[in-house]
$ cat target.csv   # CSV, C-alpha atoms
chain,number,residue,atom,x,y,z
Z,1,MET,CA,-76.7,1.4,-146.7
Z,2,SER,CA,-76.3,-0.9,-143.6
Z,3,CYS,CA,-73.4,-3.2,-143.8
Z,4,GLY,CA,-71.2,-4.4,-141.0
Z,5,PHE,CA,-68.1,-3.3,-142.9
Z,6,GLU,CA,-69.1,0.2,-143.8
Z,7,GLU,CA,-67.8,2.0,-140.7
Z,8,ASP,CA,-64.3,0.4,-141.4
Z,9,LEU,CA,-64.1,1.8,-144.9
Z,10,THR,CA,-62.8,5.3,-143.9
Z,11,ALA,CA,-60.2,3.7,-141.7
Z,12,TYR,CA,-59.3,1.4,-144.6
Z,13,VAL,CA,-58.8,4.4,-146.9
Z,14,ASP,CA,-56.7,6.0,-144.2
Z,15,GLY,CA,-54.5,2.9,-143.7
Z,16,GLU,CA,-55.6,2.8,-140.1
Z,17,LEU,CA,-56.9,-0.8,-139.9
Z,18,PRO,CA,-55.0,-3.7,-138.3
Z,19,PRO,CA,-53.6,-6.0,-141.0
Z,20,ALA,CA,-56.1,-8.8,-140.4
Z,21,ARG,CA,-59.1,-6.5,-140.6
Z,22,ARG,CA,-57.7,-4.9,-143.7
Z,23,VAL,CA,-57.6,-8.3,-145.4
Z,24,GLU,CA,-61.2,-8.9,-144.4
Z,25,VAL,CA,-62.3,-5.6,-145.8
Z,26,GLU,CA,-60.5,-6.2,-149.1
Z,27,ALA,CA,-62.2,-9.5,-149.4
Z,28,HIS,CA,-65.6,-8.0,-148.6
Z,29,LEU,CA,-65.1,-5.2,-151.2
Z,30,GLY,CA,-64.9,-7.9,-153.9
Z,31,THR,CA,-68.4,-9.1,-153.0
Z,32,CYS,CA,-70.3,-6.0,-151.9
Z,33,ALA,CA,-71.3,-3.4,-154.5
Z,34,GLY,CA,-72.6,-1.0,-151.9
Z,35,CYS,CA,-69.3,-0.9,-150.0
Z,36,ARG,CA,-67.4,-0.6,-153.3
Z,37,ALA,CA,-69.5,2.6,-154.1
Z,38,THR,CA,-68.9,4.0,-150.6
Z,39,HIS,CA,-65.2,3.2,-150.8
Z,40,ALA,CA,-65.0,5.1,-154.1
Z,41,LEU,CA,-67.0,8.0,-152.7
Z,42,LEU,CA,-64.6,8.3,-149.7
Z,43,GLY,CA,-61.5,7.9,-151.7
Z,44,ASN,CA,-62.7,10.7,-154.1
Z,45,ALA,CA,-63.4,13.0,-151.1
Z,46,VAL,CA,-60.0,12.4,-149.5
Z,47,ALA,CA,-58.3,13.2,-152.8
Z,48,ARG,CA,-60.4,16.4,-153.4
Z,49,LEU,CA,-59.7,17.6,-149.8
Z,50,ALA,CA,-56.0,17.7,-150.7
Z,51,GLU,CA,-56.8,20.3,-153.3
Z,52,LEU,CA,-58.0,22.8,-150.8
Z,53,PRO,CA,-55.6,25.7,-150.2
Z,54,ALA,CA,-54.0,25.8,-146.7
Z,55,PHE,CA,-55.1,28.4,-144.3
Z,56,GLU,CA,-52.2,30.7,-143.6
Z,57,PRO,CA,-52.3,32.6,-140.3
Z,58,SER,CA,-51.5,36.3,-140.2
Z,59,PRO,CA,-47.9,37.3,-139.7
Z,60,HIS,CA,-49.0,39.5,-136.9
Z,61,THR,CA,-50.2,36.6,-134.8
Z,62,ARG,CA,-46.7,36.0,-133.2
Z,63,ARG,CA,-46.4,39.6,-132.1
Z,64,ALA,CA,-49.9,39.6,-130.7
Z,65,VAL,CA,-49.3,36.5,-128.7
Z,66,LEU,CA,-46.0,37.8,-127.2
Z,67,ALA,CA,-47.8,41.1,-126.3
Z,68,LYS,CA,-50.5,39.1,-124.5
Z,69,LEU,CA,-47.8,37.2,-122.6
Z,70,ASP,CA,-46.2,40.5,-121.5
Z,71,ALA,CA,-49.6,41.6,-120.1
Z,72,LEU,CA,-50.0,38.5,-118.0
Z,73,PRO,CA,-49.6,38.9,-114.2
Z,74,MET,CA,-46.3,37.5,-113.0
Z,75,PRO,CA,-46.6,33.9,-112.1
Z,76,TRP,CA,-45.9,32.8,-108.5
Z,77,TRP,CA,-42.6,31.2,-109.5
Z,78,GLU,CA,-41.3,34.4,-111.1
Z,79,ARG,CA,-42.3,36.3,-107.9
Z,80,LEU,CA,-40.5,33.8,-105.8
Z,81,LYS,CA,-37.4,34.2,-108.0
Z,82,VAL,CA,-37.6,38.0,-107.3
Z,83,LEU,CA,-37.9,37.3,-103.6
Z,84,LEU,CA,-34.9,34.9,-103.6
Z,85,ARG,CA,-32.6,37.4,-105.3
Z,86,PRO,CA,-29.7,38.1,-102.9
Z,87,ALA,CA,-30.4,41.9,-103.0
Z,88,VAL,CA,-33.8,41.2,-101.4
Z,89,LEU,CA,-33.0,38.2,-99.4
Z,90,VAL,CA,-29.9,39.2,-97.4
Z,91,PRO,CA,-31.1,42.6,-96.0
Z,92,SER,CA,-34.5,41.1,-95.3
Z,93,ALA,CA,-33.0,38.2,-93.5
Z,94,GLY,CA,-31.0,40.5,-91.3
Z,95,LEU,CA,-34.0,42.6,-90.5
Z,96,ALA,CA,-36.1,39.6,-89.7
Z,97,ALA,CA,-33.4,38.2,-87.4
Z,98,ALA,CA,-33.0,41.6,-85.6
Z,99,LEU,CA,-36.7,41.8,-85.2
Z,100,ALA,CA,-36.9,38.3,-83.8
Z,101,VAL,CA,-34.1,39.0,-81.3
Z,102,ALA,CA,-35.7,42.2,-80.2
Z,103,LEU,CA,-39.1,40.5,-79.6
Z,104,LEU,CA,-37.5,37.7,-77.7
Z,105,MET,CA,-35.6,40.2,-75.5
Z,106,ALA,CA,-38.7,42.2,-74.8
Z,107,GLY,CA,-40.9,39.1,-74.1
Z,108,PRO,CA,-41.1,36.7,-71.2
Z,109,GLY,CA,-37.9,35.0,-70.0
Z,110,VAL,CA,-36.6,31.9,-71.4
Z,111,ASP,CA,-37.9,30.0,-68.4
Z,112,ALA,CA,-41.5,31.2,-69.0
Z,113,PRO,CA,-43.9,28.4,-69.8
Z,114,PRO,CA,-45.1,28.3,-73.5
Z,115,GLU,CA,-48.7,29.2,-72.6
Z,116,LEU,CA,-47.5,32.6,-71.2
Z,117,ALA,CA,-45.7,33.5,-74.4
Z,118,ASP,CA,-46.9,36.6,-76.3
Z,119,PRO,CA,-49.3,35.5,-79.2
Z,120,ALA,CA,-47.5,37.9,-81.5
Z,121,VAL,CA,-44.2,36.1,-80.9
Z,122,MET,CA,-45.8,32.8,-81.4
Z,123,GLU,CA,-47.3,34.0,-84.8
Z,124,LEU,CA,-43.9,35.3,-85.9
Z,125,ALA,CA,-42.2,32.1,-84.9
Z,126,ALA,CA,-44.8,30.1,-86.9
Z,127,ASN,CA,-44.3,32.3,-89.9
Z,128,LEU,CA,-40.5,32.0,-89.6
Z,129,GLU,CA,-40.8,28.3,-89.6
Z,130,VAL,CA,-42.8,28.3,-92.9
Z,131,ALA,CA,-40.2,30.7,-94.4
Z,132,GLU,CA,-37.3,28.6,-93.2
Z,133,ASP,CA,-38.6,25.7,-95.2
Z,134,TYR,CA,-37.8,27.7,-98.3
Z,135,GLU,CA,-34.7,29.4,-96.9
Z,136,LEU,CA,-36.7,32.6,-97.0
Z,137,LEU,CA,-36.4,34.9,-94.0
Z,138,GLY,CA,-37.3,38.2,-95.6
Z,139,LEU,CA,-40.9,39.0,-96.4
Z,140,ASP,CA,-41.8,42.5,-97.5
Z,141,SER,CA,-45.6,42.3,-97.4
Z,142,ALA,CA,-48.5,40.2,-96.3
Z,143,GLU,CA,-48.9,39.2,-100.0
Z,144,ASP,CA,-45.4,37.7,-100.0
Z,145,LEU,CA,-46.1,35.8,-96.9
Z,146,GLU,CA,-49.3,34.4,-98.4
Z,147,VAL,CA,-47.3,33.2,-101.5
Z,148,VAL,CA,-44.8,31.4,-99.3
Z,149,ALA,CA,-47.5,29.9,-97.0
Z,150,ASN,CA,-49.3,28.5,-100.1
Z,151,LEU,CA,-46.2,27.2,-101.8
Z,152,HIS,CA,-47.0,23.5,-100.9
Z,153,GLU,CA,-50.4,23.9,-102.5
Z,154,LEU,CA,-49.1,25.6,-105.6
Z,155,GLU,CA,-46.5,22.9,-106.2
Z,156,GLU,CA,-49.3,20.3,-106.3
Z,157,MET,CA,-51.3,22.2,-108.9
Z,158,PRO,CA,-51.3,20.7,-112.4
H,1,MET,CA,-43.2,12.9,-136.1
H,2,SER,CA,-39.7,11.5,-135.3
H,3,ALA,CA,-38.4,10.7,-131.9
H,4,VAL,CA,-36.0,13.6,-132.2
H,5,ASP,CA,-38.8,16.0,-132.8
H,6,VAL,CA,-40.7,14.6,-129.8
H,7,ASP,CA,-37.6,15.0,-127.6
H,8,SER,CA,-36.9,18.6,-128.7
H,9,ASP,CA,-40.6,19.6,-128.4
H,10,ALA,CA,-40.8,18.0,-124.9
H,11,GLN,CA,-37.5,19.7,-123.8
H,12,ALA,CA,-38.7,23.0,-125.1
H,13,MET,CA,-42.0,22.7,-123.3
H,14,LEU,CA,-40.3,21.9,-120.0
H,15,LYS,CA,-38.3,25.1,-120.5
H,16,VAL,CA,-41.5,27.0,-121.1
H,17,ALA,CA,-42.8,25.6,-117.8
H,18,ALA,CA,-39.8,27.2,-116.2
H,19,GLY,CA,-40.6,30.5,-117.9
H,20,ASP,CA,-38.3,30.4,-120.9
H,21,ARG,CA,-39.8,32.7,-123.5
H,22,GLN,CA,-37.3,31.7,-126.2
H,23,ALA,CA,-38.4,28.1,-126.0
H,24,PHE,CA,-42.0,29.3,-126.2
H,25,ALA,CA,-41.3,31.3,-129.3
H,26,TRP,CA,-39.6,28.3,-130.9
H,27,LEU,CA,-42.6,26.1,-130.2
H,28,PHE,CA,-44.9,28.8,-131.5
H,29,ASP,CA,-43.1,29.2,-134.7
H,30,ARG,CA,-43.2,25.4,-135.2
H,31,TYR,CA,-46.8,24.8,-134.5
H,32,HIS,CA,-48.9,28.0,-134.8
H,33,ALA,CA,-49.8,27.4,-138.5
H,34,SER,CA,-51.2,23.9,-137.5
H,35,VAL,CA,-53.2,25.4,-134.7
H,36,ALA,CA,-54.5,28.2,-136.9
H,37,ARG,CA,-55.6,25.7,-139.6
H,38,PHE,CA,-57.4,23.7,-136.9
H,39,ALA,CA,-59.1,26.7,-135.5
H,40,PHE,CA,-60.1,27.9,-138.9
H,41,ARG,CA,-61.7,24.6,-139.8
H,42,PHE,CA,-63.4,24.6,-136.4
H,43,VAL,CA,-65.1,28.0,-136.6
H,44,GLY,CA,-64.9,28.7,-140.3
H,45,ASP,CA,-63.9,32.3,-140.0
H,46,ARG,CA,-60.4,33.8,-140.5
H,47,GLU,CA,-60.5,36.5,-137.8
H,48,ARG,CA,-62.0,34.2,-135.2
H,49,ALA,CA,-59.4,31.6,-136.0
H,50,GLU,CA,-56.6,34.1,-135.4
H,51,GLU,CA,-58.1,35.1,-132.1
H,52,LEU,CA,-58.5,31.5,-131.0
H,53,THR,CA,-54.9,30.7,-132.1
H,54,GLN,CA,-53.6,33.5,-129.9
H,55,ASP,CA,-55.7,32.4,-127.0
H,56,ILE,CA,-54.6,28.8,-127.3
H,57,PHE,CA,-50.9,29.7,-127.2
H,58,VAL,CA,-51.4,32.1,-124.3
H,59,LYS,CA,-53.2,29.2,-122.5
H,60,LEU,CA,-50.4,26.8,-123.5
H,61,TYR,CA,-47.9,29.2,-121.9
H,62,ARG,CA,-49.9,29.7,-118.7
H,63,HIS,CA,-50.5,26.0,-118.2
H,64,ALA,CA,-47.1,24.8,-119.3
H,65,GLY,CA,-46.6,23.2,-115.9
H,66,ALA,CA,-49.4,20.7,-116.6
H,67,TYR,CA,-47.4,19.2,-119.5
H,68,LYS,CA,-45.9,15.8,-118.8
H,69,PRO,CA,-43.1,14.7,-121.2
H,70,SER,CA,-44.6,11.3,-121.5
H,71,ALA,CA,-47.3,12.8,-123.7
H,72,ARG,CA,-46.5,13.8,-127.3
H,73,PHE,CA,-46.3,17.6,-127.4
H,74,LYS,CA,-48.4,17.9,-130.5
H,75,THR,CA,-51.1,15.7,-128.9
H,76,PHE,CA,-51.0,17.9,-125.8
H,77,LEU,CA,-51.2,21.0,-127.9
H,78,PHE,CA,-54.2,19.8,-129.8
H,79,ARG,CA,-55.9,18.7,-126.6
H,80,VAL,CA,-55.5,22.3,-125.4
H,81,ALA,CA,-56.7,23.6,-128.8
H,82,THR,CA,-59.7,21.3,-129.0
H,83,ASN,CA,-60.8,22.1,-125.4
H,84,HIS,CA,-60.5,25.8,-126.0
H,85,CYS,CA,-62.4,25.7,-129.3
H,86,LEU,CA,-65.1,23.5,-127.8
H,87,ASN,CA,-65.5,25.7,-124.7
H,88,GLU,CA,-65.6,28.9,-126.8
H,89,VAL,CA,-68.3,27.4,-129.1
H,90,ARG,CA,-70.3,26.1,-126.0
H,91,ARG,CA,-70.1,29.5,-124.4
H,92,GLY,CA,-71.5,31.1,-127.5
H,93,GLU,CA,-68.4,33.3,-128.0
H,94,TYR,CA,-68.0,31.8,-131.4
H,95,ARG,CA,-70.6,30.4,-133.7
H,96,VAL,CA,-69.4,28.1,-136.4
H,97,SER,CA,-69.8,30.1,-139.5
H,98,HIS,CA,-69.1,27.6,-142.3
H,99,THR,CA,-72.3,28.9,-144.0
H,100,SER,CA,-70.7,29.6,-147.3
H,101,SER,CA,-73.1,27.3,-149.3
H,102,GLU,CA,-75.9,29.5,-148.2
H,103,SER,CA,-74.3,32.9,-148.1
H,104,PRO,CA,-75.6,35.5,-150.5
H,105,GLU,CA,-73.2,36.5,-153.2
H,106,GLY,CA,-70.5,38.8,-152.1
H,107,GLU,CA,-71.0,37.8,-148.4
H,108,GLU,CA,-68.2,35.4,-148.3
H,109,THR,CA,-66.8,33.8,-145.2
H,110,GLY,CA,-63.2,33.4,-144.4
H,111,ALA,CA,-63.4,30.0,-146.0
H,112,VAL,CA,-63.7,31.4,-149.5
H,113,GLU,CA,-61.2,34.3,-148.9
H,114,MET,CA,-58.3,32.0,-149.2
H,115,ALA,CA,-56.5,32.3,-152.5
H,116,GLY,CA,-55.5,29.3,-154.4
H,117,PRO,CA,-52.0,29.0,-155.9
H,118,GLU,CA,-51.0,32.0,-157.9
H,119,GLY,CA,-51.7,31.5,-161.6
H,120,ASP,CA,-54.9,29.7,-161.1
H,121,ARG,CA,-57.3,30.3,-164.0
H,122,PRO,CA,-60.7,31.9,-163.1
H,123,ASP,CA,-62.5,28.6,-163.7
H,124,GLN,CA,-60.1,26.8,-161.4
H,125,ALA,CA,-60.4,29.5,-158.7
H,126,LEU,CA,-64.2,29.2,-158.9
H,127,ALA,CA,-64.0,25.4,-158.6
H,128,GLY,CA,-61.8,25.8,-155.6
H,129,ARG,CA,-64.2,28.2,-153.9
H,130,GLU,CA,-67.1,25.9,-154.6
H,131,LEU,CA,-65.2,23.0,-153.1
H,132,GLU,CA,-64.4,25.1,-150.1
H,133,ARG,CA,-68.0,26.0,-149.7
H,134,ALA,CA,-69.1,22.4,-149.9
H,135,VAL,CA,-66.6,21.3,-147.3
H,136,GLY,CA,-67.5,24.3,-145.1
H,137,ALA,CA,-71.2,23.4,-145.3
H,138,ALA,CA,-70.5,19.8,-144.3
H,139,LEU,CA,-68.3,21.0,-141.4
H,140,SER,CA,-70.9,23.3,-140.1
H,141,ASP,CA,-73.4,20.4,-139.9
H,142,MET,CA,-71.1,18.2,-137.9
H,143,SER,CA,-70.9,17.8,-134.2
H,144,ALA,CA,-68.0,19.6,-132.6
H,145,ARG,CA,-66.2,16.4,-131.9
H,146,GLU,CA,-66.7,15.1,-135.4
H,147,ARG,CA,-65.3,18.4,-136.7
H,148,ALA,CA,-62.3,18.3,-134.4
H,149,ALA,CA,-61.5,14.6,-135.3
H,150,PHE,CA,-62.0,15.2,-139.0
H,151,THR,CA,-59.8,18.3,-139.0
H,152,MET,CA,-57.0,16.7,-137.1
H,153,CYS,CA,-57.1,13.7,-139.5
H,154,ARG,CA,-57.6,15.4,-142.9
H,155,PHE,CA,-55.8,18.7,-142.5
H,156,GLU,CA,-53.0,17.7,-140.0
H,157,GLY,CA,-52.5,14.1,-141.0
H,158,MET,CA,-52.7,13.0,-137.4
H,159,ALA,CA,-53.0,9.2,-136.7
H,160,TYR,CA,-56.2,8.0,-135.1
H,161,ARG,CA,-54.3,7.0,-132.0
H,162,ASP,CA,-53.0,10.6,-131.5
H,163,ILE,CA,-56.5,12.0,-132.2
H,164,ALA,CA,-58.0,9.7,-129.6
H,165,GLU,CA,-55.4,11.0,-127.1
H,166,ALA,CA,-56.1,14.6,-128.0
H,167,LEU,CA,-59.9,14.1,-127.7
H,168,GLU,CA,-59.5,11.8,-124.6
H,169,ALA,CA,-61.6,9.2,-126.5
H,170,SER,CA,-61.2,5.6,-127.5
H,171,GLU,CA,-59.7,4.8,-130.9
H,172,ALA,CA,-63.0,3.1,-131.8
H,173,ALA,CA,-64.9,6.3,-131.1
H,174,VAL,CA,-62.5,8.3,-133.2
H,175,LYS,CA,-62.8,5.8,-136.1
H,176,SER,CA,-66.5,6.3,-135.9
H,177,LEU,CA,-66.3,10.1,-135.7
H,178,ILE,CA,-63.9,10.3,-138.7
H,179,HIS,CA,-66.0,7.9,-140.7
H,180,ARG,CA,-69.3,9.9,-140.2
H,181,ALA,CA,-67.6,13.2,-140.9
H,182,THR,CA,-65.7,12.0,-144.0
H,183,LEU,CA,-68.9,10.4,-145.4
H,184,ALA,CA,-70.8,13.7,-144.9
H,185,VAL,CA,-68.1,15.7,-146.7
H,186,ALA,CA,-67.9,13.0,-149.4
H,187,ARG,CA,-71.7,13.4,-150.0
H,188,ARG,CA,-71.4,17.2,-150.3
H,189,ILE,CA,-68.6,16.8,-152.8
H,190,GLU,CA,-70.5,14.3,-154.7
H,191,GLU,CA,-73.5,16.7,-154.9
H,192,LEU,CA,-71.1,19.4,-156.1
H,193,GLN,CA,-69.6,17.2,-158.8
H,194,ALA,CA,-73.1,16.2,-159.9
H,195,GLY,CA,-74.0,19.8,-160.3
H,196,ALA,CA,-76.9,19.4,-157.9
H,197,ALA,CA,-77.8,22.2,-155.5
H,198,PRO,CA,-76.1,21.5,-152.2
H,199,ALA,CA,-78.4,20.2,-149.5
H,200,ARG,CA,-79.4,22.9,-147.0
H,201,SER,CA,-77.8,22.9,-143.6
H,202,ARG,CA,-79.8,21.0,-141.0
H,203,ALA,CA,-78.6,23.3,-138.2
$ encode --input "target.csv" --output "structure tokens"
Amino acid sequence: MSCGFEEDLTAYVDGELPPARRVEVEAHLGTCAGCRATHALLGNAVARLAELPAFEPSPHTRRAVLAKLDALPMPWWERLKVLLRPAVLVPSAGLAAALAVALLMAGPGVDAPPELADPAVMELAANLEVAEDYELLGLDSAEDLEVVANLHELEEMP
Amino acid sequence: MSAVDVDSDAQAMLKVAAGDRQAFAWLFDRYHASVARFAFRFVGDRERAEELTQDIFVKLYRHAGAYKPSARFKTFLFRVATNHCLNEVRRGEYRVSHTSSESPEGEETGAVEMAGPEGDRPDQALAGRELERAVGAALSDMSARERAAFTMCRFEGMAYRDIAEALEASEAAVKSLIHRATLAVARRIEELQAGAAPARSRA
């Protein structure tokens, strides 16, 4: 059957048509035997579908999902929380500060031009600047440093 | 869904984004049956539906940060569920197995394993299984998007507007998908009621 109203019949059965279009469809049904037959067919199907038993998921699903969550690698924000714990942060901050002072004492004098500065000192200073953005002075490993260095990027992720 | 529900769902999801497992468990308890029904109608197999449901909720937890409270939580959840099911079917991990109208006797799919209400007479149970098979056969012939739209509409009672949001489609497109799908199911049911042999699957 090819009728301009046919595609609206399911939406009509579902109560999804705007009021004006609903009135038009009702008027059309009074004049079109083909659409009346299709309307009856659709209405019968919707009623029969309600007879189908609902699918009930297994009671084990919840446990399985929670176990899968336990097996997930720790997300970056959880790792950051660990790094920000006072027990980690305070001793690391002290160590980093001591290291920075020691390197500065061993390096060129304060009057030395920047181009003569030790590259290792410059790298440390750059890293400390990144860490200070997050009030994070203690880094235990290169991996931790990578996490902090990429925090801006991670925060922008959807 | 009431405004209160939307608010509590959204609040729970924001807590999940902050790593709150209790909030996740609350949302899981509230919605996992809906997701399982959707997955079951999508793939037509009980075990696969269970696996998909688990994967969808793990994905929901992992990508909780992508949720914006402006979107209805259920719509967001069904978008995740639809995308996951579509991807799995595309990857060939799951084949839609609503082949019950053509299955040999005794080789029943998950669709016909579901028991009806206790106390059903044998003839009622048989009629229920035949109806399930007819619907399953129609679902297996549909495109994935038709199946998704039909399932959300008929088995979850979702409004066309919400389905459009979940499928990232226009409401006009959803209306068309649901009409084609419902008409296909209606014809299968008509054949069943007429006692005619169900038409063979085109796929």
$ atom_distance --input "target.csv" --atom1 "atom CA of Ala97 of chain Z" --atom2 "atom CA of Arg79 of chain Z"
22.4 Å
$ closest_residue --input "target.csv" --among "Z:Leu49, Z:Met105, Z:Ala98, Z:Leu84" --to "chain H" --atoms "only C-alpha atoms"
Z:Leu49
$ closest_residue --input "target.csv" --among "H:Tyr31, H:Phe42, H:Tyr160, H:Phe150" --to "chain Z" --atoms "all atoms listed in the file"
H:Tyr160
$ closest_residue --input "target.csv" --among "Z:Gly30, Z:Leu80, Z:Thr10, Z:Ala100" --to "chain H" --atoms "all atoms listed in the file"
Z:Thr10
$ interface_residues --input "target.csv" --of "chain Z" --to "chain H" --cutoff "10 Å" --atoms "all atoms listed in the file" --output "ChimeraX atom specification"
/Z:6-11,14-17,38-46,48-58,60-69,72,75,77-78,155,157-158
$ atom_distance --input "target.csv" --atom1 "atom CA of Trp26 of chain H" --atom2 "atom CA of Thr75 of chain H"
17.2 Å
$ atom_distance --input "target.csv" --atom1 "atom CA of Ala47 of chain Z" --atom2 "atom CA of Pro19 of chain Z"
23.0 Å
$ decode --input "target.csv" --residues "segment 154-176 of chain H" --atoms "N, CA and C atoms" --output "compact mmCIF listing (two decimals), in the first residue's frame"
# COMPACT_ATOMS: atom_id res chain seq x y z
N ARG H 154 9.09 -0.36 22.17
CA ARG H 154 8.10 -1.39 22.55
C ARG H 154 8.38 -2.04 23.90
N PHE H 155 9.64 -2.21 24.25
CA PHE H 155 9.94 -2.94 25.49
C PHE H 155 10.37 -2.04 26.64
N GLU H 156 10.77 -0.80 26.32
CA GLU H 156 11.15 0.14 27.39
C GLU H 156 10.19 1.31 27.48
N GLY H 157 9.27 1.40 26.51
CA GLY H 157 8.28 2.48 26.55
C GLY H 157 8.89 3.86 26.43
N MET H 158 10.02 3.96 25.76
CA MET H 158 10.67 5.28 25.63
C MET H 158 9.97 6.11 24.56
N ALA H 159 9.93 7.41 24.79
CA ALA H 159 9.31 8.34 23.84
C ALA H 159 10.21 8.47 22.61
N TYR H 160 9.59 8.79 21.47
CA TYR H 160 10.36 8.95 20.23
C TYR H 160 11.49 9.96 20.40
N ARG H 161 11.20 11.05 21.14
CA ARG H 161 12.20 12.10 21.34
C ARG H 161 13.45 11.55 22.05
N ASP H 162 13.21 10.71 23.07
CA ASP H 162 14.33 10.14 23.81
C ASP H 162 15.10 9.12 22.97
N ILE H 163 14.35 8.36 22.16
CA ILE H 163 15.00 7.37 21.29
C ILE H 163 15.88 8.10 20.27
N ALA H 164 15.34 9.22 19.75
CA ALA H 164 16.12 10.01 18.78
C ALA H 164 17.42 10.49 19.42
N GLU H 165 17.33 10.90 20.68
CA GLU H 165 18.53 11.37 21.37
C GLU H 165 19.52 10.23 21.58
N ALA H 166 18.98 9.07 21.96
CA ALA H 166 19.85 7.91 22.20
C ALA H 166 20.52 7.44 20.91
N LEU H 167 19.80 7.52 19.80
CA LEU H 167 20.35 7.06 18.52
C LEU H 167 21.06 8.17 17.77
N GLU H 168 21.04 9.37 18.35
CA GLU H 168 21.62 10.54 17.68
C GLU H 168 21.04 10.67 16.27
N ALA H 169 19.72 10.60 16.21
CA ALA H 169 19.00 10.70 14.93
C ALA H 169 17.88 11.73 15.10
N SER H 170 17.25 12.10 13.98
CA SER H 170 16.12 13.02 14.07
C SER H 170 14.87 12.25 14.50
N GLU H 171 13.90 12.98 15.04
CA GLU H 171 12.65 12.31 15.42
C GLU H 171 11.93 11.75 14.21
N ALA H 172 12.05 12.43 13.07
CA ALA H 172 11.41 11.93 11.84
C ALA H 172 12.02 10.59 11.45
N ALA H 173 13.34 10.48 11.57
CA ALA H 173 14.01 9.23 11.23
C ALA H 173 13.57 8.11 12.17
N VAL H 174 13.46 8.45 13.46
CA VAL H 174 13.03 7.45 14.45
C VAL H 174 11.60 7.00 14.18
N LYS H 175 10.74 7.94 13.83
CA LYS H 175 9.35 7.60 13.51
C LYS H 175 9.31 6.59 12.36
N SER H 176 10.15 6.82 11.38
CA SER H 176 10.21 5.94 10.21
C SER H 176 10.76 4.56 10.60
